[in-house]
Every structure is written in C-alpha cells, then in structure tokens.
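Undergrad: This is protein.txt (compact mmCIF, C-alpha atoms).
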# COMPACT_ATOMS: atom_id res chain seq x y z
CA MET A 233 163.96 150.63 205.18
CA PRO A 234 167.28 150.79 207.03
CA ASN A 235 168.67 147.40 207.94
CA PHE A 236 171.93 148.26 209.68
CA ALA A 237 172.77 147.75 213.36
CA PRO A 238 171.53 149.99 216.20
CA LEU A 239 173.64 153.04 216.92
CA PRO A 240 176.29 152.15 219.53
CA GLY A 241 175.74 153.34 223.08
CA LEU A 242 172.04 154.09 222.55
CA ASP A 243 168.99 152.07 223.55
CA THR A 244 166.43 150.44 221.27
CA LEU A 245 162.95 151.92 221.59
CA TYR A 246 160.21 149.30 221.28
CA ILE A 247 156.77 150.53 220.24
CA PHE A 248 153.93 148.04 220.69
CA LEU A 249 150.69 148.83 218.83
CA ASP A 250 147.04 147.94 219.31
CA GLU A 251 143.73 149.24 217.98
CA GLY A 252 140.11 149.45 219.09
CA GLY A 253 136.92 149.75 217.10
CA ASN A 254 136.54 148.74 213.47
CA PHE A 255 136.81 150.04 209.92
CA ASP A 256 133.04 150.05 209.44
CA PHE A 257 132.13 153.71 208.89
CA SER A 258 128.39 153.03 208.61
CA PRO A 259 126.00 153.73 211.52
CA SER A 260 126.33 150.08 212.57
CA GLY A 261 130.09 150.39 213.13
CA SER A 262 131.81 151.54 216.30
CA THR A 263 131.53 155.25 217.09
CA TYR A 264 135.26 155.60 217.72
CA PHE A 265 138.47 154.08 216.48
CA THR A 266 141.51 154.17 218.75
CA LEU A 267 145.11 153.46 217.90
CA THR A 268 147.38 153.09 220.91
CA CYS A 269 151.07 152.48 221.40
CA VAL A 270 153.19 151.62 224.41
CA SER A 271 156.81 152.81 224.14
CA LEU A 272 159.30 150.86 226.24
CA TYR A 273 163.01 150.35 226.67
CA ARG A 274 164.56 147.15 227.96
CA PRO A 275 164.64 145.58 230.44
CA PHE A 276 160.92 144.80 230.38
CA THR A 277 160.54 144.37 234.13
CA LEU A 278 156.78 143.72 234.09
CA HIS A 279 157.09 140.55 232.00
CA THR A 280 158.19 138.45 234.98
CA ASP A 281 155.21 139.60 237.08
CA LEU A 282 152.76 138.84 234.28
CA ASP A 283 154.29 135.43 233.72
CA THR A 284 154.08 134.64 237.43
CA TYR A 285 150.45 135.77 237.58
CA LYS A 286 149.54 133.71 234.50
CA TYR A 287 150.84 130.53 236.09
CA ASP A 288 149.19 131.40 239.41
CA LEU A 289 145.88 131.48 237.54
CA ILE A 290 146.60 128.12 235.95
CA GLU A 291 147.71 126.40 239.15
CA HIS A 292 144.76 127.70 241.15
CA ARG A 293 142.37 126.79 238.32
CA ILE A 294 140.91 130.27 238.10
CA ALA A 295 142.18 131.10 234.63
CA PRO A 296 139.58 133.02 232.58
CA ARG A 297 139.92 130.50 229.77
CA ILE A 298 140.58 126.76 229.76
CA GLU A 299 144.03 127.27 228.25
CA MET A 300 145.62 130.40 229.67
CA GLU A 301 148.03 131.06 226.79
CA TYR A 302 148.12 134.83 227.09
CA PHE A 303 146.26 137.86 228.44
CA HIS A 304 143.56 139.43 226.29
CA CYS A 305 141.56 142.15 227.96
CA GLY A 306 138.36 141.61 226.01
CA ASN A 307 138.28 137.93 226.99
CA ASP A 308 139.69 138.11 230.52
CA ASN A 309 137.19 138.34 233.37
CA ARG A 310 136.85 141.40 235.58
CA PHE A 311 138.94 139.90 238.38
CA VAL A 312 141.86 139.23 236.03
CA ARG A 313 141.50 142.60 234.35
CA ARG A 314 141.72 144.48 237.62
CA LYS A 315 144.81 142.53 238.68
CA VAL A 316 146.57 143.09 235.35
CA PHE A 317 145.71 146.79 235.36
CA SER A 318 147.15 147.10 238.86
CA LEU A 319 150.36 145.47 237.62
CA LEU A 320 150.49 147.90 234.72
CA ALA A 321 149.99 150.86 237.04
CA GLY A 322 152.80 149.69 239.29
CA SER A 323 155.40 148.71 236.70
CA ILE A 324 154.93 150.60 233.41
CA PRO A 325 156.76 153.97 233.54
CA PRO A 326 154.56 157.09 233.60
CA ASN A 327 153.82 158.68 230.23
CA SER A 328 154.66 155.55 228.23
CA VAL A 329 151.34 155.36 226.39
CA ASP A 330 150.00 157.46 223.52
CA SER A 331 146.72 157.12 221.69
CA VAL A 332 144.98 158.69 218.71
CA VAL A 333 141.19 158.83 219.05
CA VAL A 334 139.05 159.10 215.92
CA GLU A 335 135.35 159.94 215.92
CA LYS A 336 134.64 158.00 212.76
CA ARG A 337 131.61 159.93 211.53
CA LYS A 338 133.87 162.96 211.01
CA THR A 339 136.15 161.05 208.65
CA GLY A 340 135.72 162.05 205.02
CA PRO A 341 134.87 159.28 202.52
CA ALA A 342 138.20 159.54 200.69
CA LEU A 343 140.08 158.73 203.89
CA GLN A 344 137.95 155.77 204.99
CA PRO A 345 139.68 152.90 203.09
CA PRO A 346 142.07 151.16 205.53
CA GLU A 347 145.07 151.68 203.25
CA LYS A 348 144.52 155.44 203.50
CA PHE A 349 143.04 155.77 206.99
CA TYR A 350 145.53 153.62 208.87
CA PRO A 351 148.76 155.28 207.62
CA LYS A 352 147.38 158.73 208.37
CA MET A 353 146.41 157.92 211.95
CA LEU A 354 149.48 155.81 212.63
CA GLY A 355 151.66 158.64 211.37
CA TYR A 356 150.16 161.02 213.95
CA LEU A 357 150.58 158.45 216.70
CA LEU A 358 154.24 157.70 215.95
CA ARG A 359 155.06 161.40 215.89
CA TYR A 360 153.74 161.71 219.44
CA ALA A 361 155.68 158.67 220.63
CA ILE A 362 159.00 159.59 219.00
CA SER A 363 158.89 163.29 219.81
CA ARG A 364 158.79 162.67 223.54
CA ALA A 365 161.44 159.93 223.71
CA THR A 366 163.29 160.46 226.97
CA HIS A 367 166.79 159.79 225.67
CA GLY A 368 168.79 158.99 222.58
CA ILE A 369 167.42 156.25 220.34
CA GLY A 370 169.72 153.65 218.83
CA GLU A 371 166.95 151.91 216.89
CA VAL A 372 163.15 151.88 216.72
CA VAL A 373 161.33 148.54 216.59
CA VAL A 374 157.57 148.74 215.96
CA ILE A 375 155.68 145.52 216.76
CA THR A 376 152.05 144.90 215.84
CA ASP A 377 149.75 141.92 216.16
CA SER A 378 149.79 139.43 213.28
CA LEU A 379 147.86 140.89 210.37
CA PRO A 380 146.13 138.45 208.02
CA VAL A 381 145.06 141.18 205.56
CA ALA A 382 147.93 142.03 203.24
CA LYS A 383 146.52 145.46 202.37
CA LYS A 384 146.45 146.47 206.03
CA ARG A 385 149.96 145.11 206.61
CA LYS A 386 151.29 147.17 203.73
CA ALA A 387 149.49 150.25 205.06
CA ILE A 388 151.16 149.88 208.45
CA GLU A 389 154.59 149.36 206.97
CA LYS A 390 154.14 152.40 204.74
CA ALA A 391 153.07 154.57 207.67
CA VAL A 392 156.01 153.44 209.80
CA LYS A 393 158.48 154.02 206.99
CA ILE A 394 157.22 157.50 206.16
CA SER A 395 156.78 158.71 209.73
CA LEU A 396 160.05 157.43 211.15
CA ALA A 397 162.09 158.46 208.11
CA GLU A 398 160.82 162.03 208.59
CA MET A 399 161.43 162.17 212.33
CA LEU A 400 164.60 160.19 212.99
CA PRO A 401 168.16 161.14 212.10
CA ALA A 402 169.20 159.54 208.81
CA ALA A 403 171.51 157.04 210.52
CA THR A 404 168.89 155.68 212.94
CA PRO A 405 167.55 152.27 211.86
CA TYR A 406 163.95 151.19 212.31
CA ARG A 407 161.96 148.04 211.73
CA VAL A 408 158.33 146.89 211.80
CA MET A 409 157.37 143.36 212.83
CA HIS A 410 154.05 141.49 212.88
CA HIS A 411 153.90 138.91 215.67
CA ALA A 412 151.12 137.00 217.39
CA SER A 413 149.93 138.65 220.61
CA ARG A 414 150.69 135.50 222.56
CA ALA A 415 154.35 135.91 221.58
CA HIS A 416 154.84 139.27 223.28
CA TYR A 417 153.77 140.58 226.66
CA GLY A 418 154.36 143.99 225.08
CA LEU A 419 151.45 143.39 222.70
CA GLN A 420 149.28 142.12 225.55
CA ILE A 421 150.12 145.26 227.53
CA ALA A 422 149.19 147.43 224.53
CA ASP A 423 145.91 145.52 224.25
CA TYR A 424 145.07 146.31 227.87
CA PHE A 425 145.86 150.01 227.59
CA ASN A 426 143.98 150.35 224.33
CA TRP A 427 140.96 148.49 225.73
CA ALA A 428 140.72 150.95 228.63
CA ILE A 429 141.11 153.96 226.34
CA PHE A 430 138.61 152.69 223.77
CA ARG A 431 136.09 151.82 226.48
CA ARG A 432 136.39 155.31 227.93
CA TRP A 433 135.46 156.89 224.60
CA GLU A 434 133.04 154.32 223.24
CA LYS A 435 131.19 153.42 226.47
CA GLY A 436 131.98 156.30 228.82
CA ASP A 437 133.43 153.79 231.30
CA VAL A 438 136.53 155.18 233.05
CA SER A 439 136.78 152.60 235.86
CA PHE A 440 139.83 150.85 234.40
CA HIS A 441 141.16 153.93 232.64
CA ASN A 442 141.53 155.66 236.00
CA ILE A 443 143.83 152.90 237.26
CA ILE A 444 146.42 153.49 234.53
CA SER A 445 145.92 157.22 233.90
CA GLN A 446 149.47 158.07 235.03
CA GLN A 447 150.90 155.85 232.30
CA ILE A 448 148.97 157.66 229.55
CA GLN A 449 150.89 160.54 228.02
CA SER A 450 148.35 161.55 225.40
CA GLU A 451 144.91 160.77 224.02
CA PHE A 452 144.75 162.99 220.97
CA GLU A 453 141.24 163.41 219.62
CA ILE A 454 142.05 163.91 215.97
CA PHE A 455 138.76 165.65 215.06
CA LYS A 456 138.25 167.54 218.32
CA ASN A 457 137.46 170.79 216.55
CA GLY A 458 134.90 169.13 214.33
CA SER A 459 136.87 169.26 211.10
CA SER A 460 137.09 166.31 208.76
CA PHE A 461 139.81 164.96 206.48
CA TYR A 462 138.61 164.57 202.91
CA TYR A 463 141.91 163.69 201.24
Spit out the file's structure as structure tokens when you get a sec.

TA:
Amino acid sequence: MPNFAPLPGLDTLYIFLDEGGNFDFSPSGSTYFTLTCVSLYRPFTLHTDLDTYKYDLIEHRIAPRIEMEYFHCGNDNRFVRRKVFSLLAGSIPPNSVDSVVVEKRKTGPALQPPEKFYPKMLGYLLRYAISRATHGIGEVVVITDSLPVAKKRKAIEKAVKISLAEMLPAATPYRVMHHASRAHYGLQIADYFNWAIFRRWEKGDVSFHNIISQQIQSEFEIFKNGSSFYY
C-alpha cells in the first residue's frame, strides 16, 4: 500500500464506513446487510456543532446514557436522534453518502464467508464513492470502526487495496485505519446515516431517512434484478 505523502495542492478525501445487519445468512439473521460510507473533505464543520450538542445534553442532564461519550444511533433516544439528523441535514454536503444494499437470501453460499463477502461489497461501494469525487484527490483515507476480528480486518484492508489501486492514479496514496467510533465524529456520522438506510430497508421505516435524503447520493441494491453471486 502506498505510504508516501499526499499529492501537493490536492485535498485528502476521508471515507468513513459503517455497516448494518449481520453476517448470519440463515432465516434468523437480518434480511438485509447495508454498507455505507460518508465521503468528506476538511474542514469538518459539523464536528463543532455535534460537540456543542453533546455537552448541552450533559449539562442539562438529558443525555441518553449516563456517560455521554459519543453518539450512537441505535442507543440514542428518539429526541437525540431527531436533533442529530437535523444537524446532519443542515451541515453535511448533498450527495456525500453512498450505500450498498444486500438482500442476503440472494447471496450464493460461496460468497457468504465474511472474508469473501465483505471485500466484494466494499469494492462496489468504494467505486461509487471515488468515481463521483468532486475534485482532485491528493490522498484517500478510509476509516472504519475498531475491528476485533482479524479475518474481517484483513478482508477490509484487502478490499480497500484492490479497489483503490484500480481506480486511483498510480501516484495517489491511500490508507485504511481502524479507530474506535468515539474517536471520530466521522464514524458517528456514518453510523447515523447507515442506521437510517438500514432501517428503511429492514423495517420499512423512512421517517429518519427522509430527513437526510439530500445527503444520500446512492443506495445501490446489489441484487435488484434477482441474480445471485455464487463465486
């Protein structure tokens, strides 16, 4: 993986990743799996608003958890969710979010192991994000949540390496990092967008999805035509 400095005069593109659903392909697993990325350039203007809101919650003793370390859509209450989604709608640039949606029952058995499934889907997602970059890219930094499973971590790194090496000019560096969600508002933002997208497909609930629809560039249903991958 390239390790040289960003190309001079060009901005670094940060891609924050999150996923919804699980890798259980039995009838007891989730119906869908979503993989979502938020593509942003600095400065990250929303971070100040989120930080201010977090401390407002703490000071007014209305935080959704006893220790309000970070935002997590699945744990935050409806009041907090609606406020955070309104901040996202007002501050995240339009068309900054891409998602791949997988109806899991259409996935062939050979593709179901995480080390095969994840690189394939992540490759599609990164192609969408990179292909619509609005201006020249000096470097690509892909940041995911901390991954305790080594096999999954290796799968992500492989997918990033293959996809970006194919799409970017040879001189463009790229990196992949695994950080705790509490360390990056970018990861918390990705969690919120992915939660809304996953809930739309899994539950048919579009109430939060509608708030941030302008920020979503694509929701690509990978098996829309009913075909399956068996390789």

Undergrad: Identify the residues within 12 Å of coordinate (142.5, 149.0, 200.6) (same frame as the file), considering only C-alpha atoms, and give the answer as an MDAnalysis selection string.

TA: chainID A and resid 255 342:351 381:388

Undergrad: Counting only C-alpha atoms, find the residues whose atoms lie at most 8 Å from (151.4, 157.3, 222.8) (file coordinates) and write them out as a list in words.

TA: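 The requested residues, written out, are Thr268, Cys269, Val270, Ser271, Asn327, Ser328, Val329, Asp330, Ser331, Val332, Leu357, Leu358, Tyr360, Ala361, Ile448, Gln449, Ser450 and Glu451 of chain A.
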
Undergrad: Give me the residues within 12 Å of A:Ile394 as a PyMOL selection string, counting only C-alpha atoms and dropping any in the same chain fewer than 5 places off.

TA: chain A and resi 233+351-352+354-356+358-359+387-389+399-400+406-407

Undergrad: Could you list, with a cut-off of 12 Å and counting only C-alpha atoms, the residues of stretch 361-451 of chain A near stretch 315-323 of chain A, each shown with its nearest atom pair and the distance in Å rounded to one decimal, rows sorted by chain and ascending number, as JSON lines?

TA:
{"residue": "A:Tyr417", "atom": "CA", "partner": "A:Leu320", "partner_atom": "CA", "distance": 11.4}
{"residue": "A:Gly418", "atom": "CA", "partner": "A:Leu320", "partner_atom": "CA", "distance": 11.1}
{"residue": "A:Gln420", "atom": "CA", "partner": "A:Val316", "partner_atom": "CA", "distance": 10.2}
{"residue": "A:Ile421", "atom": "CA", "partner": "A:Leu320", "partner_atom": "CA", "distance": 7.7}
{"residue": "A:Ala422", "atom": "CA", "partner": "A:Leu320", "partner_atom": "CA", "distance": 10.3}
{"residue": "A:Asp423", "atom": "CA", "partner": "A:Phe317", "partner_atom": "CA", "distance": 11.2}
{"residue": "A:Tyr424", "atom": "CA", "partner": "A:Phe317", "partner_atom": "CA", "distance": 7.5}
{"residue": "A:Phe425", "atom": "CA", "partner": "A:Phe317", "partner_atom": "CA", "distance": 8.4}
{"residue": "A:Asn426", "atom": "CA", "partner": "A:Phe317", "partner_atom": "CA", "distance": 11.7}
{"residue": "A:Trp427", "atom": "CA", "partner": "A:Phe317", "partner_atom": "CA", "distance": 10.9}
{"residue": "A:Ala428", "atom": "CA", "partner": "A:Phe317", "partner_atom": "CA", "distance": 9.4}
{"residue": "A:Ser439", "atom": "CA", "partner": "A:Phe317", "partner_atom": "CA", "distance": 10.7}
{"residue": "A:Phe440", "atom": "CA", "partner": "A:Phe317", "partner_atom": "CA", "distance": 7.2}
{"residue": "A:His441", "atom": "CA", "partner": "A:Phe317", "partner_atom": "CA", "distance": 8.9}
{"residue": "A:Asn442", "atom": "CA", "partner": "A:Ala321", "partner_atom": "CA", "distance": 9.8}
{"residue": "A:Ile443", "atom": "CA", "partner": "A:Ala321", "partner_atom": "CA", "distance": 6.5}
{"residue": "A:Ile444", "atom": "CA", "partner": "A:Ala321", "partner_atom": "CA", "distance": 5.1}
{"residue": "A:Ser445", "atom": "CA", "partner": "A:Ala321", "partner_atom": "CA", "distance": 8.2}
{"residue": "A:Gln446", "atom": "CA", "partner": "A:Ala321", "partner_atom": "CA", "distance": 7.5}
{"residue": "A:Gln447", "atom": "CA", "partner": "A:Ala321", "partner_atom": "CA", "distance": 6.9}
{"residue": "A:Ile448", "atom": "CA", "partner": "A:Ala321", "partner_atom": "CA", "distance": 10.2}

Undergrad: How far is it from atom CA of A:Thr376 to atom CA of A:Lys390, in Å with one decimal?

TA: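 For atom CA of A:Thr376 relative to atom CA of A:Lys390, the distance reads 13.6 Å.
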
Undergrad: Please return the centre and edge lengths, in Å to one decimal, of a box with edges along x, y and z that contains all listed atoms of stretch 447-451 of chain A, widened by 6 Å on every side, as AutoDock Vina command-line options.

TA:
--center_x 147.9 --center_y 158.7 --center_z 228.2 --size_x 18.0 --size_y 17.7 --size_z 20.3

Undergrad: Calculated over all atoms listed in the file, which of the candidates A:Asp283, A:Asp288, A:Leu249, A:Arg432 has the smallest distance to A:His410?

TA: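 Closest to A:His410, using all atoms listed in the file: A:Leu249.
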
Undergrad: Which is closer to A:Pro401 than all the others in A:Asp243, A:Glu434, A:Asp281, A:Glu371, using only C-alpha atoms?

TA: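 Of the candidates, the smallest distance to A:Pro401 is held by A:Glu371.
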
Undergrad: Find the residue from A:Gly370, A:Tyr287, A:Trp433, A:Ala415 that sits nearest to A:Ala403; use only C-alpha atoms when measuring.

TA: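 Closest candidate: A:Gly370.
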
Undergrad: Suppose you want the space between atom CA of A:Tyr302 and atom CA of A:Thr277; what is it in Å?

TA: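 Rounded to one decimal, the two atoms are 17.2 Å apart.
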
Undergrad: Would you compute the distance between atom CA of A:Ser413 and atom CA of A:Leu282? Give it in Å to one decimal.

TA: 14.0 Å

Undergrad: With distances taken over only C-alpha atoms, which residue among A:Tyr285, A:Tyr246, A:Tyr273, A:Tyr264 lies nearest A:Glu453?

TA: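 Result for the nearest residue to A:Glu453: A:Tyr264.
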
Undergrad: Provide stretch 298-309 of chain A of the preceding structure as a file containing all heavy atoms, as a PDB file, in the first residue's frame.

TA:
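Heads up, here's the output in out_16.pdb:
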ATOM      1  N   ILE A 298     -25.798   7.459  30.743  1.00  0.00           N
ATOM      2  CA  ILE A 298     -25.222   8.108  31.922  1.00  0.00           C
ATOM      3  C   ILE A 298     -23.945   8.850  31.551  1.00  0.00           C
ATOM      4  O   ILE A 298     -23.723   9.980  31.976  1.00  0.00           O
ATOM      5  CB  ILE A 298     -24.956   7.059  33.020  1.00  0.00           C
ATOM      6  CG1 ILE A 298     -26.270   6.467  33.517  1.00  0.00           C
ATOM      7  CG2 ILE A 298     -24.192   7.687  34.185  1.00  0.00           C
ATOM      8  CD1 ILE A 298     -26.107   5.351  34.523  1.00  0.00           C
ATOM      9  N   GLU A 299     -23.084   8.222  30.762  1.00  0.00           N
ATOM     10  CA  GLU A 299     -21.864   8.863  30.306  1.00  0.00           C
ATOM     11  C   GLU A 299     -21.974   9.094  28.801  1.00  0.00           C
ATOM     12  O   GLU A 299     -21.885   8.164  28.019  1.00  0.00           O
ATOM     13  CB  GLU A 299     -20.645   8.002  30.622  1.00  0.00           C
ATOM     14  CG  GLU A 299     -20.393   7.849  32.117  1.00  0.00           C
ATOM     15  CD  GLU A 299     -19.111   7.099  32.395  1.00  0.00           C
ATOM     16  OE1 GLU A 299     -18.370   6.816  31.433  1.00  0.00           O
ATOM     17  OE2 GLU A 299     -18.850   6.806  33.561  1.00  0.00           O
ATOM     18  N   MET A 300     -22.166  10.340  28.436  1.00  0.00           N
ATOM     19  CA  MET A 300     -22.374  10.684  27.030  1.00  0.00           C
ATOM     20  C   MET A 300     -21.010  10.820  26.349  1.00  0.00           C
ATOM     21  O   MET A 300     -20.513  11.920  26.122  1.00  0.00           O
ATOM     22  CB  MET A 300     -23.178  11.979  26.928  1.00  0.00           C
ATOM     23  CG  MET A 300     -23.489  12.410  25.501  1.00  0.00           C
ATOM     24  SD  MET A 300     -24.530  11.219  24.657  1.00  0.00           S
ATOM     25  CE  MET A 300     -24.506  11.902  23.004  1.00  0.00           C
ATOM     26  N   GLU A 301     -20.367   9.675  26.054  1.00  0.00           N
ATOM     27  CA  GLU A 301     -19.058   9.713  25.422  1.00  0.00           C
ATOM     28  C   GLU A 301     -19.144  10.069  23.942  1.00  0.00           C
ATOM     29  O   GLU A 301     -18.307  10.806  23.418  1.00  0.00           O
ATOM     30  CB  GLU A 301     -18.363   8.364  25.554  1.00  0.00           C
ATOM     31  CG  GLU A 301     -17.895   8.016  26.944  1.00  0.00           C
ATOM     32  CD  GLU A 301     -17.077   6.747  26.937  1.00  0.00           C
ATOM     33  OE1 GLU A 301     -15.886   6.817  26.574  1.00  0.00           O
ATOM     34  OE2 GLU A 301     -17.626   5.688  27.267  1.00  0.00           O
ATOM     35  N   TYR A 302     -20.145   9.520  23.269  1.00  0.00           N
ATOM     36  CA  TYR A 302     -20.242   9.710  21.829  1.00  0.00           C
ATOM     37  C   TYR A 302     -21.658   9.363  21.384  1.00  0.00           C
ATOM     38  O   TYR A 302     -22.433   8.774  22.126  1.00  0.00           O
ATOM     39  CB  TYR A 302     -19.215   8.837  21.094  1.00  0.00           C
ATOM     40  CG  TYR A 302     -19.429   7.340  21.258  1.00  0.00           C
ATOM     41  CD1 TYR A 302     -19.971   6.574  20.233  1.00  0.00           C
ATOM     42  CD2 TYR A 302     -19.076   6.687  22.442  1.00  0.00           C
ATOM     43  CE1 TYR A 302     -20.164   5.210  20.379  1.00  0.00           C
ATOM     44  CE2 TYR A 302     -19.256   5.329  22.600  1.00  0.00           C
ATOM     45  CZ  TYR A 302     -19.796   4.590  21.553  1.00  0.00           C
ATOM     46  OH  TYR A 302     -19.996   3.244  21.714  1.00  0.00           O
ATOM     47  N   PHE A 303     -21.993   9.762  20.156  1.00  0.00           N
ATOM     48  CA  PHE A 303     -23.313   9.469  19.604  1.00  0.00           C
ATOM     49  C   PHE A 303     -23.315   8.080  18.975  1.00  0.00           C
ATOM     50  O   PHE A 303     -22.391   7.702  18.257  1.00  0.00           O
ATOM     51  CB  PHE A 303     -23.694  10.522  18.564  1.00  0.00           C
ATOM     52  CG  PHE A 303     -23.881  11.900  19.129  1.00  0.00           C
ATOM     53  CD1 PHE A 303     -22.884  12.861  18.988  1.00  0.00           C
ATOM     54  CD2 PHE A 303     -25.042  12.235  19.807  1.00  0.00           C
ATOM     55  CE1 PHE A 303     -23.051  14.136  19.510  1.00  0.00           C
ATOM     56  CE2 PHE A 303     -25.219  13.508  20.342  1.00  0.00           C
ATOM     57  CZ  PHE A 303     -24.212  14.459  20.190  1.00  0.00           C
ATOM     58  N   HIS A 304     -24.373   7.340  19.242  1.00  0.00           N
ATOM     59  CA  HIS A 304     -24.574   6.023  18.627  1.00  0.00           C
ATOM     60  C   HIS A 304     -26.060   5.877  18.374  1.00  0.00           C
ATOM     61  O   HIS A 304     -26.852   5.803  19.312  1.00  0.00           O
ATOM     62  CB  HIS A 304     -24.066   4.912  19.538  1.00  0.00           C
ATOM     63  CG  HIS A 304     -24.101   3.560  18.892  1.00  0.00           C
ATOM     64  ND1 HIS A 304     -25.223   2.761  18.891  1.00  0.00           N
ATOM     65  CD2 HIS A 304     -23.147   2.875  18.197  1.00  0.00           C
ATOM     66  CE1 HIS A 304     -24.970   1.644  18.240  1.00  0.00           C
ATOM     67  NE2 HIS A 304     -23.721   1.684  17.813  1.00  0.00           N
ATOM     68  N   CYS A 305     -26.440   5.862  17.115  1.00  0.00           N
ATOM     69  CA  CYS A 305     -27.852   5.992  16.762  1.00  0.00           C
ATOM     70  C   CYS A 305     -28.721   4.908  17.388  1.00  0.00           C
ATOM     71  O   CYS A 305     -29.820   5.178  17.846  1.00  0.00           O
ATOM     72  CB  CYS A 305     -28.002   5.977  15.234  1.00  0.00           C
ATOM     73  SG  CYS A 305     -29.597   6.603  14.663  1.00  0.00           S
ATOM     74  N   GLY A 306     -28.213   3.675  17.417  1.00  0.00           N
ATOM     75  CA  GLY A 306     -29.002   2.585  17.967  1.00  0.00           C
ATOM     76  C   GLY A 306     -29.275   2.728  19.451  1.00  0.00           C
ATOM     77  O   GLY A 306     -30.262   2.193  19.953  1.00  0.00           O
ATOM     78  N   ASN A 307     -28.410   3.444  20.166  1.00  0.00           N
ATOM     79  CA  ASN A 307     -28.573   3.626  21.607  1.00  0.00           C
ATOM     80  C   ASN A 307     -29.206   4.964  21.980  1.00  0.00           C
ATOM     81  O   ASN A 307     -29.801   5.097  23.048  1.00  0.00           O
ATOM     82  CB  ASN A 307     -27.218   3.522  22.314  1.00  0.00           C
ATOM     83  CG  ASN A 307     -26.624   2.140  22.229  1.00  0.00           C
ATOM     84  OD1 ASN A 307     -27.339   1.156  22.072  1.00  0.00           O
ATOM     85  ND2 ASN A 307     -25.308   2.048  22.321  1.00  0.00           N
ATOM     86  N   ASP A 308     -29.059   5.954  21.111  1.00  0.00           N
ATOM     87  CA  ASP A 308     -29.595   7.285  21.414  1.00  0.00           C
ATOM     88  C   ASP A 308     -31.121   7.271  21.347  1.00  0.00           C
ATOM     89  O   ASP A 308     -31.717   6.555  20.532  1.00  0.00           O
ATOM     90  CB  ASP A 308     -29.046   8.313  20.419  1.00  0.00           C
ATOM     91  CG  ASP A 308     -27.534   8.468  20.548  1.00  0.00           C
ATOM     92  OD1 ASP A 308     -26.981   8.071  21.587  1.00  0.00           O
ATOM     93  OD2 ASP A 308     -26.917   8.979  19.599  1.00  0.00           O
ATOM     94  N   ASN A 309     -31.762   8.085  22.203  1.00  0.00           N
ATOM     95  CA  ASN A 309     -33.225   8.106  22.193  1.00  0.00           C
ATOM     96  C   ASN A 309     -33.754   8.910  20.999  1.00  0.00           C
ATOM     97  O   ASN A 309     -32.994   9.554  20.275  1.00  0.00           O
ATOM     98  CB  ASN A 309     -33.780   8.635  23.519  1.00  0.00           C
ATOM     99  CG  ASN A 309     -33.385  10.074  23.791  1.00  0.00           C
ATOM    100  OD1 ASN A 309     -33.352  10.902  22.883  1.00  0.00           O
ATOM    101  ND2 ASN A 309     -33.080  10.378  25.045  1.00  0.00           N
TER     102      ASN A 309
END
